Structures are given as C-alpha cells and as structure tokens.
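The structure file my_file.txt is reproduced below (compact mmCIF, C-alpha atoms).
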```txt
# COMPACT_ATOMS: atom_id res chain seq x y z
CA MET A 1338 2.57 -11.25 25.70
CA ALA A 1339 1.96 -11.26 29.43
CA ASP A 1340 2.70 -7.55 29.81
CA TYR A 1341 0.41 -6.40 26.99
CA ILE A 1342 -2.45 -4.05 27.75
CA ALA A 1343 -4.39 -1.93 25.29
CA PHE A 1344 -3.82 1.77 25.85
CA ASP A 1345 -6.30 4.55 26.34
CA ASN A 1346 -5.38 8.24 26.31
CA GLU A 1347 -4.25 8.20 29.94
CA ARG A 1348 -2.04 5.13 29.59
CA ALA A 1349 -0.46 6.45 26.40
CA LEU A 1350 0.25 9.78 28.06
CA ASN A 1351 1.80 8.15 31.13
CA TYR A 1352 3.94 5.84 29.02
CA VAL A 1353 5.43 8.70 27.02
CA ALA A 1354 5.95 10.85 30.11
CA GLN A 1355 7.86 8.03 31.81
CA LEU A 1356 10.18 7.65 28.83
CA ASN A 1357 11.34 11.23 29.36
CA GLU A 1358 12.81 11.28 25.82
CA PHE A 1359 10.63 13.50 23.69
CA PHE A 1360 9.49 16.45 25.79
CA ALA A 1361 10.83 18.77 28.47
CA PRO A 1362 10.53 17.26 31.99
CA ASN A 1363 7.82 19.68 33.10
CA ALA A 1364 5.94 19.88 29.81
CA GLN A 1365 2.14 19.91 29.92
CA LEU A 1366 1.17 17.05 27.65
CA THR A 1367 -2.12 16.28 25.94
CA CYS A 1368 -3.15 13.04 24.25
CA ASN A 1369 -5.79 12.26 21.65
CA GLU A 1370 -6.63 8.87 20.11
CA PHE A 1371 -7.65 9.49 16.50
CA GLY A 1372 -7.07 6.22 14.67
CA ASP A 1373 -9.66 5.61 11.97
CA GLY A 1374 -8.02 2.60 10.37
CA ASN A 1375 -8.98 -1.05 10.47
CA LEU A 1376 -6.44 -2.50 12.90
CA ASN A 1377 -4.76 -0.17 15.40
CA LEU A 1378 -4.94 2.51 18.06
CA VAL A 1379 -3.22 5.78 17.10
CA PHE A 1380 -2.49 8.54 19.63
CA ARG A 1381 -1.09 12.04 19.10
CA ILE A 1382 0.77 13.34 22.17
CA ALA A 1383 1.77 17.01 22.21
CA ASP A 1384 3.12 19.67 24.53
CA GLU A 1385 2.03 23.29 24.92
CA SER A 1386 4.68 24.42 22.41
CA GLY A 1387 3.29 22.33 19.58
CA ASN A 1388 5.91 19.57 19.69
CA SER A 1389 4.25 16.22 19.09
CA ILE A 1390 4.77 12.53 18.42
CA ILE A 1391 2.57 9.63 17.32
CA LEU A 1392 2.13 6.47 19.40
CA LYS A 1393 0.70 3.54 17.45
CA GLN A 1394 -0.38 0.35 19.20
CA ALA A 1395 -1.57 -2.87 17.61
CA LEU A 1396 -4.73 -4.45 18.94
CA PRO A 1397 -5.01 -8.26 19.22
CA TYR A 1398 -7.93 -8.21 16.80
CA ALA A 1399 -9.15 -6.35 13.73
CA ARG A 1400 -10.54 -3.07 15.01
CA CYS A 1401 -13.00 -2.80 12.12
CA VAL A 1402 -14.58 -6.18 13.01
CA GLY A 1403 -13.92 -6.74 16.72
CA GLU A 1404 -12.61 -9.56 18.88
CA SER A 1405 -14.21 -12.17 16.62
CA TRP A 1406 -11.31 -11.56 14.19
CA PRO A 1407 -8.13 -12.10 16.27
CA LEU A 1408 -4.78 -10.89 14.91
CA THR A 1409 -1.18 -11.36 15.90
CA LEU A 1410 0.48 -8.55 17.83
CA ASP A 1411 3.76 -9.44 16.10
CA ARG A 1412 2.68 -7.21 13.24
CA ALA A 1413 3.80 -4.23 15.35
CA ARG A 1414 7.34 -5.62 15.47
CA ILE A 1415 7.29 -6.21 11.73
CA GLU A 1416 5.96 -2.74 10.96
CA ALA A 1417 8.58 -0.95 13.05
CA ALA A 1418 11.40 -3.12 11.70
CA VAL A 1419 10.37 -2.56 8.09
CA LEU A 1420 10.21 1.19 8.60
CA GLU A 1421 13.75 0.98 9.97
CA LYS A 1422 14.97 -1.23 7.12
CA HIS A 1423 13.35 0.89 4.42
CA GLY A 1424 14.45 4.07 6.17
CA ALA A 1425 18.04 2.85 6.16
CA VAL A 1426 18.09 2.87 2.35
CA CYS A 1427 15.40 5.48 1.58
CA GLU A 1428 15.24 7.82 4.56
CA PRO A 1429 13.61 10.84 2.87
CA TYR A 1430 10.41 9.00 1.99
CA THR A 1431 9.97 6.65 4.97
CA ALA A 1432 8.26 7.56 8.25
CA LYS A 1433 10.81 7.67 11.08
CA VAL A 1434 10.66 5.33 14.07
CA LEU A 1435 11.56 7.03 17.37
CA HIS A 1436 10.90 4.21 19.85
CA LYS A 1437 9.44 0.69 19.88
CA ASN A 1438 8.23 -1.78 22.51
CA THR A 1439 7.60 -5.32 21.32
CA GLU A 1440 5.90 -6.47 24.52
CA LEU A 1441 3.32 -3.70 24.30
CA ALA A 1442 3.11 -3.94 20.49
CA LEU A 1443 3.66 -0.21 20.16
CA THR A 1444 5.76 2.13 18.08
CA ILE A 1445 6.42 5.83 18.52
CA LEU A 1446 6.81 7.68 15.24
CA GLU A 1447 7.51 11.16 14.01
CA ASP A 1448 4.32 13.19 13.74
CA LEU A 1449 3.49 13.86 10.10
CA GLY A 1450 0.40 15.90 11.00
CA HIS A 1451 1.73 18.84 8.99
CA MET A 1452 1.22 16.66 5.92
CA ALA A 1453 -1.98 15.14 4.54
CA ILE A 1454 -3.11 11.61 3.67
CA LEU A 1455 -2.90 11.25 -0.10
CA ARG A 1456 -6.30 9.59 -0.56
CA GLY A 1457 -8.24 12.50 0.89
CA GLU A 1458 -6.27 14.99 -1.14
CA LEU A 1459 -6.87 13.11 -4.39
CA ASN A 1460 -10.57 12.96 -3.57
CA GLN A 1461 -10.48 16.77 -3.42
CA ALA A 1462 -8.60 16.86 -6.75
CA THR A 1463 -5.41 18.19 -5.18
CA THR A 1464 -2.26 17.34 -7.12
CA PHE A 1465 1.36 16.92 -6.00
CA PRO A 1466 4.12 17.48 -8.56
CA ASN A 1467 6.83 15.62 -6.62
CA LEU A 1468 4.78 12.58 -5.66
CA GLY A 1469 5.46 10.43 -8.72
CA SER A 1470 9.22 10.82 -8.69
CA GLN A 1471 9.52 10.38 -4.92
CA LEU A 1472 7.28 7.33 -4.75
CA ALA A 1473 9.12 5.73 -7.66
CA ASN A 1474 12.37 6.32 -5.79
CA TYR A 1475 10.96 4.70 -2.65
CA LEU A 1476 9.59 1.65 -4.47
CA ALA A 1477 12.73 1.08 -6.52
CA THR A 1478 15.30 1.79 -3.82
CA THR A 1479 13.71 -0.31 -1.10
CA SER A 1480 12.92 -3.25 -3.38
CA PHE A 1481 16.41 -3.31 -4.92
CA HIS A 1482 18.35 -3.23 -1.66
CA TYR A 1483 16.44 -6.17 -0.17
CA SER A 1484 16.54 -8.29 -3.32
CA ASP A 1485 18.91 -11.02 -4.54
CA PHE A 1486 20.64 -8.41 -6.65
CA TYR A 1487 22.03 -6.72 -3.54
CA LEU A 1488 21.85 -9.13 -0.59
CA THR A 1489 23.91 -12.28 -0.24
CA PRO A 1490 21.83 -15.48 -0.20
CA ALA A 1491 22.51 -15.93 3.52
CA GLU A 1492 21.52 -12.34 4.34
CA LYS A 1493 18.30 -12.62 2.41
CA LYS A 1494 17.30 -16.00 3.82
CA ALA A 1495 17.75 -14.65 7.35
CA LEU A 1496 15.56 -11.65 6.56
CA VAL A 1497 12.87 -13.82 4.96
CA ILE A 1498 12.60 -15.66 8.27
CA GLU A 1499 12.58 -12.42 10.29
CA PHE A 1500 9.78 -10.93 8.21
CA THR A 1501 7.58 -13.98 7.79
CA ASN A 1502 4.10 -12.53 8.32
CA PRO A 1503 1.60 -15.37 7.80
CA GLU A 1504 -1.47 -13.92 9.51
CA LEU A 1505 -1.50 -10.61 7.67
CA CYS A 1506 -0.46 -12.26 4.41
CA ALA A 1507 -3.47 -14.55 4.84
CA ILE A 1508 -5.71 -11.47 4.94
CA THR A 1509 -4.19 -10.26 1.66
CA GLU A 1510 -4.49 -13.71 0.11
CA ASP A 1511 -8.18 -13.89 1.01
CA LEU A 1512 -9.17 -10.33 0.13
CA PHE A 1513 -7.16 -10.02 -3.11
CA PHE A 1514 -7.31 -13.46 -4.65
CA ASP A 1515 -10.16 -15.49 -3.12
CA ASP A 1516 -13.18 -13.60 -1.77
CA PRO A 1517 -14.11 -11.43 -4.80
CA TYR A 1518 -14.11 -14.41 -7.19
CA GLY A 1519 -16.57 -16.58 -5.28
CA THR A 1520 -19.22 -16.52 -2.58
CA SER A 1521 -17.88 -14.93 0.60
CA LEU A 1522 -19.70 -13.37 3.52
CA ARG A 1523 -17.01 -10.68 3.54
CA ASN A 1524 -17.87 -9.44 0.07
CA ASN A 1525 -19.65 -6.09 0.11
CA TYR A 1526 -21.37 -4.57 -2.91
CA PRO A 1527 -24.81 -3.21 -3.84
CA ALA A 1528 -27.47 -5.53 -5.21
CA THR A 1529 -27.55 -3.41 -8.37
CA LEU A 1530 -24.01 -4.64 -9.17
CA GLU A 1531 -24.96 -8.30 -8.85
CA SER A 1532 -25.08 -9.12 -12.58
CA GLU A 1533 -21.59 -7.71 -13.19
CA VAL A 1534 -20.23 -9.57 -10.15
CA LYS A 1535 -21.73 -12.86 -11.27
CA LYS A 1536 -20.24 -12.43 -14.74
CA LEU A 1537 -16.81 -11.83 -13.21
CA GLN A 1538 -17.14 -14.79 -10.86
CA GLN A 1539 -18.04 -17.10 -13.75
CA ASN A 1540 -15.08 -16.05 -15.94
CA THR A 1541 -12.87 -19.15 -16.04
CA GLU A 1542 -10.03 -17.41 -17.87
CA LEU A 1543 -9.99 -14.69 -15.23
CA HIS A 1544 -9.82 -17.28 -12.45
CA ILE A 1545 -6.74 -18.85 -14.04
CA LYS A 1546 -5.02 -15.45 -14.27
CA VAL A 1547 -5.86 -14.67 -10.66
CA ALA A 1548 -4.55 -18.10 -9.62
CA LYS A 1549 -1.24 -17.26 -11.32
CA LEU A 1550 -1.05 -13.99 -9.43
CA LYS A 1551 -1.82 -15.71 -6.13
CA GLN A 1552 0.84 -18.32 -6.79
CA LEU A 1553 3.31 -15.52 -7.50
CA PHE A 1554 2.32 -13.82 -4.26
CA LEU A 1555 2.72 -17.06 -2.30
CA SER A 1556 6.01 -18.27 -3.72
CA SER A 1557 8.16 -15.36 -4.97
CA PRO A 1558 10.09 -13.75 -2.09
CA GLN A 1559 11.82 -11.25 -4.35
CA SER A 1560 12.23 -8.44 -1.83
CA LEU A 1561 11.04 -6.95 1.47
CA LEU A 1562 7.78 -5.30 0.45
CA HIS A 1563 5.68 -2.69 2.20
CA GLY A 1564 2.71 -4.94 1.46
CA ASP A 1565 -0.04 -2.29 1.44
CA VAL A 1566 0.94 0.65 -0.76
CA HIS A 1567 -2.40 2.37 -1.15
CA SER A 1568 -3.10 6.09 -1.11
CA GLY A 1569 -4.18 5.90 2.54
CA SER A 1570 -0.65 4.80 3.48
CA ILE A 1571 1.09 7.82 1.99
CA PHE A 1572 1.51 11.27 3.54
CA VAL A 1573 2.09 14.18 1.16
CA ASP A 1574 2.59 17.91 0.96
CA ALA A 1575 3.74 20.21 -1.82
CA GLN A 1576 7.36 19.17 -1.38
CA SER A 1577 7.51 15.74 0.25
CA THR A 1578 6.18 12.18 0.34
CA LYS A 1579 6.29 9.83 3.33
CA VAL A 1580 5.21 6.17 3.31
CA ILE A 1581 3.66 4.77 6.50
CA ASP A 1582 1.95 1.63 7.87
CA PRO A 1583 3.91 -1.37 6.48
CA GLU A 1584 2.35 -3.87 8.90
CA PHE A 1585 1.45 -6.15 5.97
CA ALA A 1586 5.13 -6.30 5.01
CA PHE A 1587 6.68 -9.57 3.86
CA PHE A 1588 9.12 -10.91 1.28
CA GLY A 1589 7.13 -11.15 -1.93
CA PRO A 1590 6.94 -10.23 -5.61
CA ILE A 1591 8.13 -6.68 -6.21
CA GLY A 1592 5.29 -5.98 -8.62
CA PHE A 1593 2.78 -6.25 -5.79
CA ASP A 1594 3.69 -2.90 -4.21
CA LEU A 1595 3.92 -1.17 -7.57
CA GLY A 1596 0.62 -2.69 -8.63
CA SER A 1597 -1.14 -1.63 -5.44
CA PHE A 1598 -0.15 1.97 -6.14
CA ILE A 1599 -1.30 1.78 -9.77
CA GLY A 1600 -4.60 0.22 -8.73
CA ASN A 1601 -5.33 2.97 -6.23
CA PHE A 1602 -4.61 5.73 -8.72
CA LEU A 1603 -6.92 4.04 -11.22
CA LEU A 1604 -9.63 3.78 -8.57
CA ASN A 1605 -9.38 7.53 -8.11
CA TYR A 1606 -9.33 8.05 -11.89
CA CYS A 1607 -12.67 6.27 -12.19
CA ALA A 1608 -14.12 7.99 -9.12
CA GLN A 1609 -13.43 11.41 -10.61
CA ASN A 1610 -16.05 10.69 -13.28
CA ALA A 1611 -18.61 11.19 -10.52
CA ARG A 1612 -16.68 13.59 -8.31
CA ILE A 1613 -15.95 16.38 -10.81
CA SER A 1614 -18.84 17.54 -12.96
CA GLU A 1615 -16.93 20.16 -14.99
CA ILE A 1616 -15.38 18.29 -17.90
CA PRO A 1617 -12.20 20.43 -18.23
CA LYS A 1618 -11.42 20.09 -14.52
CA ARG A 1619 -12.13 16.37 -14.58
CA ARG A 1620 -9.87 15.84 -17.57
CA GLN A 1621 -7.13 17.84 -15.89
CA MET A 1622 -7.28 15.70 -12.76
CA GLN A 1623 -7.49 12.43 -14.66
CA THR A 1624 -4.56 13.47 -16.83
CA TYR A 1625 -2.55 14.11 -13.67
CA LEU A 1626 -3.42 10.65 -12.34
CA LEU A 1627 -2.41 8.90 -15.57
CA THR A 1628 0.72 11.00 -15.95
CA THR A 1629 1.75 10.13 -12.41
CA ILE A 1630 1.22 6.42 -13.08
CA GLN A 1631 3.41 6.71 -16.17
CA GLN A 1632 6.05 8.66 -14.26
CA VAL A 1633 6.16 6.11 -11.45
CA ILE A 1634 6.50 3.21 -13.88
CA ASN A 1635 9.21 4.95 -15.93
CA GLU A 1636 11.23 6.26 -13.00
CA PHE A 1637 10.87 3.02 -11.07
CA ALA A 1638 12.38 1.17 -14.03
CA ALA A 1639 15.16 3.73 -14.56
CA THR A 1640 16.11 3.82 -10.86
CA TRP A 1641 16.06 0.04 -10.52
CA LEU A 1642 18.27 -0.43 -13.58
CA SER A 1643 20.68 2.25 -12.42
CA LEU A 1644 20.99 0.58 -9.01
CA ALA A 1645 21.40 -2.82 -10.61
CA LYS A 1646 24.15 -1.58 -12.90
CA ALA A 1647 26.08 0.01 -10.05
CA HIS A 1648 25.44 -2.34 -7.11
CA THR A 1649 24.49 -5.87 -8.22
CA ARG A 1650 26.63 -8.28 -6.19
CA ASP A 1651 25.51 -11.62 -7.57
CA LEU A 1652 27.67 -12.61 -10.55
CA SER A 1653 24.92 -14.47 -12.43
CA LEU A 1654 22.49 -11.58 -12.08
CA GLN A 1655 25.08 -9.28 -13.69
CA ALA A 1656 24.51 -11.02 -17.04
CA PRO A 1657 23.93 -8.37 -19.75
CA GLY A 1658 20.21 -7.81 -20.29
CA TYR A 1659 19.02 -9.76 -17.26
CA ALA A 1660 18.19 -6.73 -15.12
CA GLU A 1661 16.13 -5.31 -17.98
CA TYR A 1662 14.23 -8.60 -18.27
CA PHE A 1663 13.65 -8.66 -14.50
CA VAL A 1664 12.29 -5.10 -14.38
CA ASN A 1665 9.99 -5.70 -17.34
CA GLN A 1666 8.58 -8.73 -15.51
CA ILE A 1667 8.00 -6.60 -12.40
CA ILE A 1668 5.96 -4.14 -14.44
CA LYS A 1669 3.95 -6.93 -16.06
CA ASP A 1670 3.22 -8.45 -12.65
CA ALA A 1671 2.25 -5.01 -11.33
CA LEU A 1672 -0.53 -4.62 -13.89
CA GLY A 1673 -2.09 -7.90 -12.81
CA PHE A 1674 -1.88 -6.99 -9.14
CA ALA A 1675 -3.35 -3.57 -9.94
CA GLY A 1676 -6.32 -5.34 -11.45
CA THR A 1677 -6.90 -7.41 -8.31
CA GLU A 1678 -6.73 -4.20 -6.24
CA LEU A 1679 -9.47 -2.62 -8.37
CA VAL A 1680 -11.69 -5.67 -8.10
CA ARG A 1681 -11.30 -6.23 -4.36
CA ARG A 1682 -11.83 -2.54 -3.51
CA THR A 1683 -15.09 -2.62 -5.50
CA ILE A 1684 -16.76 -5.80 -4.28
CA GLY A 1685 -14.63 -7.08 -1.39
CA LEU A 1686 -14.54 -6.27 2.31
CA ALA A 1687 -12.33 -3.16 2.30
CA HIS A 1688 -13.60 -0.31 0.16
CA VAL A 1689 -12.11 3.13 -0.50
CA SER A 1690 -13.56 6.55 0.21
CA ASP A 1691 -12.79 7.56 -3.38
CA ILE A 1692 -15.87 5.56 -4.40
CA ASP A 1693 -17.88 5.13 -1.21
CA GLY A 1694 -17.81 8.90 -0.69
CA ILE A 1695 -19.78 9.49 -3.89
CA GLU A 1696 -23.22 10.50 -2.61
CA ASP A 1697 -25.31 9.88 -5.72
CA ASP A 1698 -26.23 6.17 -5.88
CA ALA A 1699 -26.50 6.02 -9.66
CA ALA A 1700 -23.21 7.82 -10.20
CA ARG A 1701 -21.47 5.60 -7.64
CA LEU A 1702 -22.83 2.49 -9.37
CA GLN A 1703 -21.44 3.65 -12.71
CA VAL A 1704 -18.03 4.09 -11.14
CA GLN A 1705 -18.19 0.66 -9.54
CA GLN A 1706 -19.11 -0.87 -12.89
CA GLN A 1707 -16.12 0.84 -14.47
CA THR A 1708 -13.62 -0.19 -11.79
CA LEU A 1709 -14.83 -3.78 -11.88
CA VAL A 1710 -14.41 -4.05 -15.66
CA LEU A 1711 -11.10 -2.19 -15.59
CA GLY A 1712 -9.74 -4.50 -12.92
CA GLU A 1713 -10.89 -7.59 -14.77
CA GLN A 1714 -9.33 -6.45 -18.04
CA LEU A 1715 -6.02 -5.56 -16.41
CA VAL A 1716 -5.78 -9.05 -14.92
CA LEU A 1717 -6.72 -10.66 -18.23
CA HIS A 1718 -4.29 -8.67 -20.39
CA ALA A 1719 -1.37 -7.87 -18.09
CA GLU A 1720 0.78 -10.55 -19.74
CA THR A 1721 0.64 -8.65 -23.05
CA ALA A 1722 2.69 -5.81 -21.54
CA HIS A 1723 6.33 -6.52 -22.37
CA ASP A 1724 7.90 -3.26 -21.18
CA LYS A 1725 7.01 0.06 -19.56
CA GLU A 1726 5.72 1.58 -22.80
CA SER A 1727 3.35 -1.27 -23.61
CA ALA A 1728 2.24 -1.38 -19.97
CA PHE A 1729 1.16 2.23 -20.01
CA ASN A 1730 -0.43 1.84 -23.43
CA LEU A 1731 -2.53 -1.02 -22.05
CA ILE A 1732 -3.73 1.18 -19.18
CA ILE A 1733 -4.62 3.99 -21.60
CA SER A 1734 -6.51 1.62 -23.87
CA LEU A 1735 -8.63 0.37 -20.97
CA VAL A 1736 -9.60 3.72 -19.44
CA GLN A 1737 -10.73 5.35 -22.70
```
Please lay out the structure from this file as structure tokens.
Amino acid sequence: MADYIAFDNERALNYVAQLNEFFAPNAQLTCNEFGDGNLNLVFRIADESGNSIILKQALPYARCVGESWPLTLDRARIEAAVLEKHGAVCEPYTAKVLHKNTELALTILEDLGHMAILRGELNQATTFPNLGSQLANYLATTSFHYSDFYLTPAEKKALVIEFTNPELCAITEDLFFDDPYGTSLRNNYPATLESEVKKLQQNTELHIKVAKLKQLFLSSPQSLLHGDVHSGSIFVDAQSTKVIDPEFAFFGPIGFDLGSFIGNFLLNYCAQNARISEIPKRRQMQTYLLTTIQQVINEFAATWLSLAKAHTRDLSLQAPGYAEYFVNQIIKDALGFAGTELVRRTIGLAHVSDIDGIEDDAARLQVQQQTLVLGEQLVLHAETAHDKESAFNLIISLVQ
C-alpha cells in the first residue's frame, strides 16, 4: 500500500477533520490514542460537546511484539467488512462502521465509550442480565445467515474467497493448536507450572483430540465467524451488548466462536477462586458465569433451529432432524475449542487479565493449575456431549 502511513494523534485528527462528516465545521476537536491491544492503533476523536468517534488503524506488524512480527494490513478490510456483514443481519449487537479506508488500513466506528469491556467488568464481579441472551442471538444469527443453510453455494463460495484470512488464521492455528502442546519460544508460564505442562504435552490422547480440532478449524468453512470472541472483544452495559474487533474473521467451524466464549467464561470462573475471598459472593459470581454459559448454549441452539426451520433454502438441509443434528455437533465442537482456549490462555503467548491480574503468586498458580486441567479435560471429553444438556452437564462435572 503505497499511500499507507501509520497515524499519530495529529494525523488522525487531520484526517477526520478533512472528511467533514462527523462534526460541525468549526468544532474544536481533540484526539487521544488509547489502544492497549496487541495489533492496532486506536484513537478517540471528540468535540467540545462530547460527540465522539473511534478511528482504528492496523499496523503492519504485531504491536505487542514489534516489527519483527510483520502482519498483513488486509486485516483492516476484513474487520470492517465483517462488521458490516454481521451488522446487516444482527445490527443491535454489532459495532457500527461509519467510514473505512482500505489504503490506510483504517476504520471509523461508533464510539462505545459509554459501555465497558466485558473482561474488566467480570474481573470486578459485575454481572449483566441481558448478556447471555444477546450474545446467543449474535452468535446464532450471524452464523446461520452466512452458512449453507441460508446462502446459495455460489454466494457462499464467493464470500469464502473474500474473507480468506491466512495470516491471522495462522496465528490462531499456532497459538491454539500447536504452541501449548510442544516446545515453543512463545509459550509463557511460570516455572512452578512446569510439571503440569510437561504432563499435558506428553498426553498422546490429548494430542489426537487437538489434531482433530485443528483439522476441523482448517477444513470446515461452515460460516463467516468473528474468529476471536473473547470477553475483551465485547462491550456491555446494563441493557446492551456490542461485539467488536473481528479482524481474525474467516469462514470456519461455527463451534469455534461459541467455544471461545465458553472458554473465556470458564477462565473467569476459575479466576474468581482467587479474586473473591468471601465464599457466598464467590459462589454467586460463579453461579452467574455458569448460568450464562448454559443460557448462551440453550438460546443459541433454540435461535439457530428457529432460523433453520423458517429460512433454510437448501432442499437437502431441510431434511427432518438434520438441523438438530447439525446444532448438536456445533455444541460438541464448541466444548473442544473451549478447552483449547483455556489451555492456550494459561501457558501460551496471550494471557488474560482475569488470571494475570491475581497478585498473590500462590493463588494465581492454583488458578493456572485448575484452568490447565479443565481445558485438557474439556478437549478429552467433548465428544461425549451429544446435546446441549449433556454439554452443560460435562462442564458442571469438570468445575466441581
């Protein structure tokens, strides 16, 4: 991209001012770069009346590592396009794109600063009664409308090409399915966890299960996925949920997004053992987390089946009972992917503040031991879950 240049506050401010789309012509604008993620620059631009927008620009490398880890700028195009595609079928729960520039790898988005990032709120034991239902709606609605059940084969094949995302998928493939199960310089865990890690890395049965999950990830373009549904990619308040940051989007197995969500809620479940000392409060928070997982699984299945009954276009896929079989397989896949999320967030490159924010070393180690075992057991036993009830029962049996 010959015209690409990384922005600073001044460049971002000038770019928005020249667009003359979002603020009054004589507005006094301020700009602040506040991105704390791994990959991008994020600017908030506001006027004196409190109106504001977000400008997000991709960097040609991983921000958390530096220029030694180059990345494609095309991820900005993919992210903006997925937000538009998902927003077209699930507008209430998808962050809104206001402007995009492929050459500069930037997107201007609605400012969700009045909401909060879900991960930080869960770490503070804040609960959201609408989250489960709204996230289930997002996951089911977006995955159905970009699946074979709804799209014609020609439509879907064209979209698979448009949203091919090899570089960011390669990151997922490495961090989820390769690095934690062998020797990798990117792995990151305390020496006191070494014995548990070695046991996991020597578990042949586990390696076979992980290989099956990786093969599913590589070769099952079931729908246009978000690709990174963790609690840091969700904005929340008391009434609403908004999903952001789908730069890892691709056509893949539907259970991957659902499993990423489940894995992140289970990470927080385990972390609360060290975060909340009062047993009644801890049980209340952990009950909320498990109840939300159950709600998402149940409402995801119900919404998907309702959409399939009303809107399936493919004649073969209308066969009685097939949609039920398909959804049960999604849930089974999701449990396996949830397990890989737990493992990779414990011993891989990218950790979560749920655990890393625990100040006491001994307490943090106990949580890491729990998440590692929980992840391993989910991967090993996911195939025993034949429907939503047995899936949730498996989760309950493993967290007791």
Closest atom pairs, residues of range 1428-1506 of chain A within 7 Å of range 1569-1578 of chain A, all atoms listed in the file, as JSON lines:
```
{"residue": "A:Tyr1430", "atom": "CA", "partner": "A:Thr1578", "partner_atom": "CA", "distance": 5.5}
{"residue": "A:Met1452", "atom": "CA", "partner": "A:Asp1574", "partner_atom": "CA", "distance": 5.3}
{"residue": "A:Ala1453", "atom": "CA", "partner": "A:Phe1572", "partner_atom": "CA", "distance": 5.3}
{"residue": "A:Ile1454", "atom": "CA", "partner": "A:Phe1572", "partner_atom": "CA", "distance": 4.6}
{"residue": "A:Leu1455", "atom": "CA", "partner": "A:Ile1571", "partner_atom": "CA", "distance": 5.7}
{"residue": "A:Arg1456", "atom": "CA", "partner": "A:Gly1569", "partner_atom": "CA", "distance": 5.3}
{"residue": "A:Phe1465", "atom": "CA", "partner": "A:Ala1575", "partner_atom": "CA", "distance": 5.8}
{"residue": "A:Asn1467", "atom": "CA", "partner": "A:Gln1576", "partner_atom": "CA", "distance": 6.4}
{"residue": "A:Leu1468", "atom": "CA", "partner": "A:Thr1578", "partner_atom": "CA", "distance": 6.2}
{"residue": "A:Gln1471", "atom": "CA", "partner": "A:Thr1578", "partner_atom": "CA", "distance": 6.5}
```
Restricting the calculation to all atoms listed in the file: of A:Glu1347, A:Phe1360, A:Glu1584, A:Gln1394, which residue gets closest to Glu1416 in chain A?
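Ranked by minimum distance to Glu1416 in chain A, first place goes to A:Glu1584.
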Give me the residues near Ala1432 in chain A as a ChimeraX atom specification, where near means some atom within 9 Å (using all atoms listed in the file) and where sequence neighbours in that chain fewer than 2 positions away do not count.
/A:1420-1421,1424,1428-1430,1434,1446-1449,1579-1582
For range 1543-1552 of chain A: contacts at 9 Å, all atoms listed in the file, fewer than 6 positions along chain excluded, given as a VMD selection string:
chain A and resid 1510 1513 to 1515 1518 1537 1670 1673 to 1674 1677 1713 to 1714 1716 to 1717
Exercise: range 1480-1489 of chain A partners within 7 Å, only C-alpha atoms, chain neighbours under 6 positions left out, as a PyMOL selection string
chain A and resi 1559-1562+1591+1641+1645+1648-1651+1654
Kindly compute an axis-aligned box around the listed atoms of range 1344-1348 of chain A, allowing 4 Å on each side, and express its centre and edge lengths in Å to one decimal as AutoDock Vina command-line options.
```
--center_x -4.2 --center_y 5.0 --center_z 27.9 --size_x 12.3 --size_y 14.5 --size_z 12.1
```
What is the distance between CA of Leu1711 in chain A and CA of Gly1676 in chain A, in Å to one decimal?
7.1 Å
Between CA of Leu1392 in chain A and CA of Phe1602 in chain A, what is the distance, to one decimal in Å?
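Distance reported for this atom pair: 28.9 Å.
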Which residue, A:Tyr1352, A:Arg1612, A:Leu1410, A:Thr1721, has the smallest gap to Ser1690 in chain A when you use only C-alpha atoms?
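Among A:Tyr1352, A:Arg1612, A:Leu1410, A:Thr1721, it is A:Arg1612 that comes nearest to Ser1690 in chain A.
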Could you give me, as a tab-separated table (two decimals) with C-alpha atoms, in the coordinates of the input, the residues that have an atom at most 9 Å away from the point (-1.3, 11.7, 15.5) in the coordinates of the file, using only C-alpha atoms?
```
chain	number	residue	atom	x	y	z
A	1369	ASN	CA	-5.79	12.26	21.65
A	1370	GLU	CA	-6.63	8.87	20.11
A	1371	PHE	CA	-7.65	9.49	16.50
A	1372	GLY	CA	-7.07	6.22	14.67
A	1379	VAL	CA	-3.22	5.78	17.10
A	1380	PHE	CA	-2.49	8.54	19.63
A	1381	ARG	CA	-1.09	12.04	19.10
A	1382	ILE	CA	0.77	13.34	22.17
A	1389	SER	CA	4.25	16.22	19.09
A	1390	ILE	CA	4.77	12.53	18.42
A	1391	ILE	CA	2.57	9.63	17.32
A	1392	LEU	CA	2.13	6.47	19.40
A	1393	LYS	CA	0.70	3.54	17.45
A	1447	GLU	CA	7.51	11.16	14.01
A	1448	ASP	CA	4.32	13.19	13.74
A	1449	LEU	CA	3.49	13.86	10.10
A	1450	GLY	CA	0.40	15.90	11.00
```
Considering all atoms listed in the file, state which residue in the set A:Asn1601, A:Ser1470, A:Gln1666, A:Asn1540 is at the smallest distance from Gln1632 in chain A.
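Ranking A:Asn1601, A:Ser1470, A:Gln1666, A:Asn1540 by distance to Gln1632 in chain A, first place goes to A:Ser1470.
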Of the listed residues A:Gly1592, A:Gly1694, A:Gly1387, A:Gly1658, that which approaches Ala1719 in chain A most closely, counting all atoms listed in the file:
A:Gly1592
Record the distance separating CA of Ala1528 in chain A and CA of Ala1687 in chain A, expressed in Å with one decimal.
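CA of Ala1687 in chain A lies 17.1 Å from CA of Ala1528 in chain A.
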I'd like to know which of A:Arg1682, A:His1436, A:Lys1646, A:Thr1463 is closest to Met1622 in chain A, using all atoms listed in the file.
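With all atoms listed in the file as the atom set, the closest residue is A:Thr1463.
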Just the residues within 12 Å of Phe1588 in chain A, please, counting all atoms listed in the file, with nothing from its chain fewer than 6 positions along; format it as JSON, numbers by chain.
{"A": [1415, 1419, 1479, 1480, 1483, 1484, 1485, 1493, 1494, 1495, 1496, 1497, 1498, 1499, 1500, 1501, 1502, 1503, 1506, 1553, 1554, 1555, 1556, 1557, 1558, 1559, 1560, 1561, 1562, 1563, 1564, 1594]}
Pick out the residues sitting within 7 Å of Pro1517 in chain A, and hand them over as a list in words; count all atoms listed in the file, and ignore anything fewer than 4 positions along from it in its own chain.
Asn1524, Arg1681, Ile1684 and Gly1685 of chain A
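Residue nearest Ile1508 in chain A, chosen from A:Lys1669, A:His1723, A:Lys1437, A:Arg1523 and counting only C-alpha atoms: A:Arg1523.
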Point (0.4, 0.3, -21.9) neighbourhood (12 Å, only C-alpha atoms) written as a PyMOL selection string:
chain A and resi 1627+1630-1631+1634-1635+1668-1669+1671-1672+1715+1718-1736
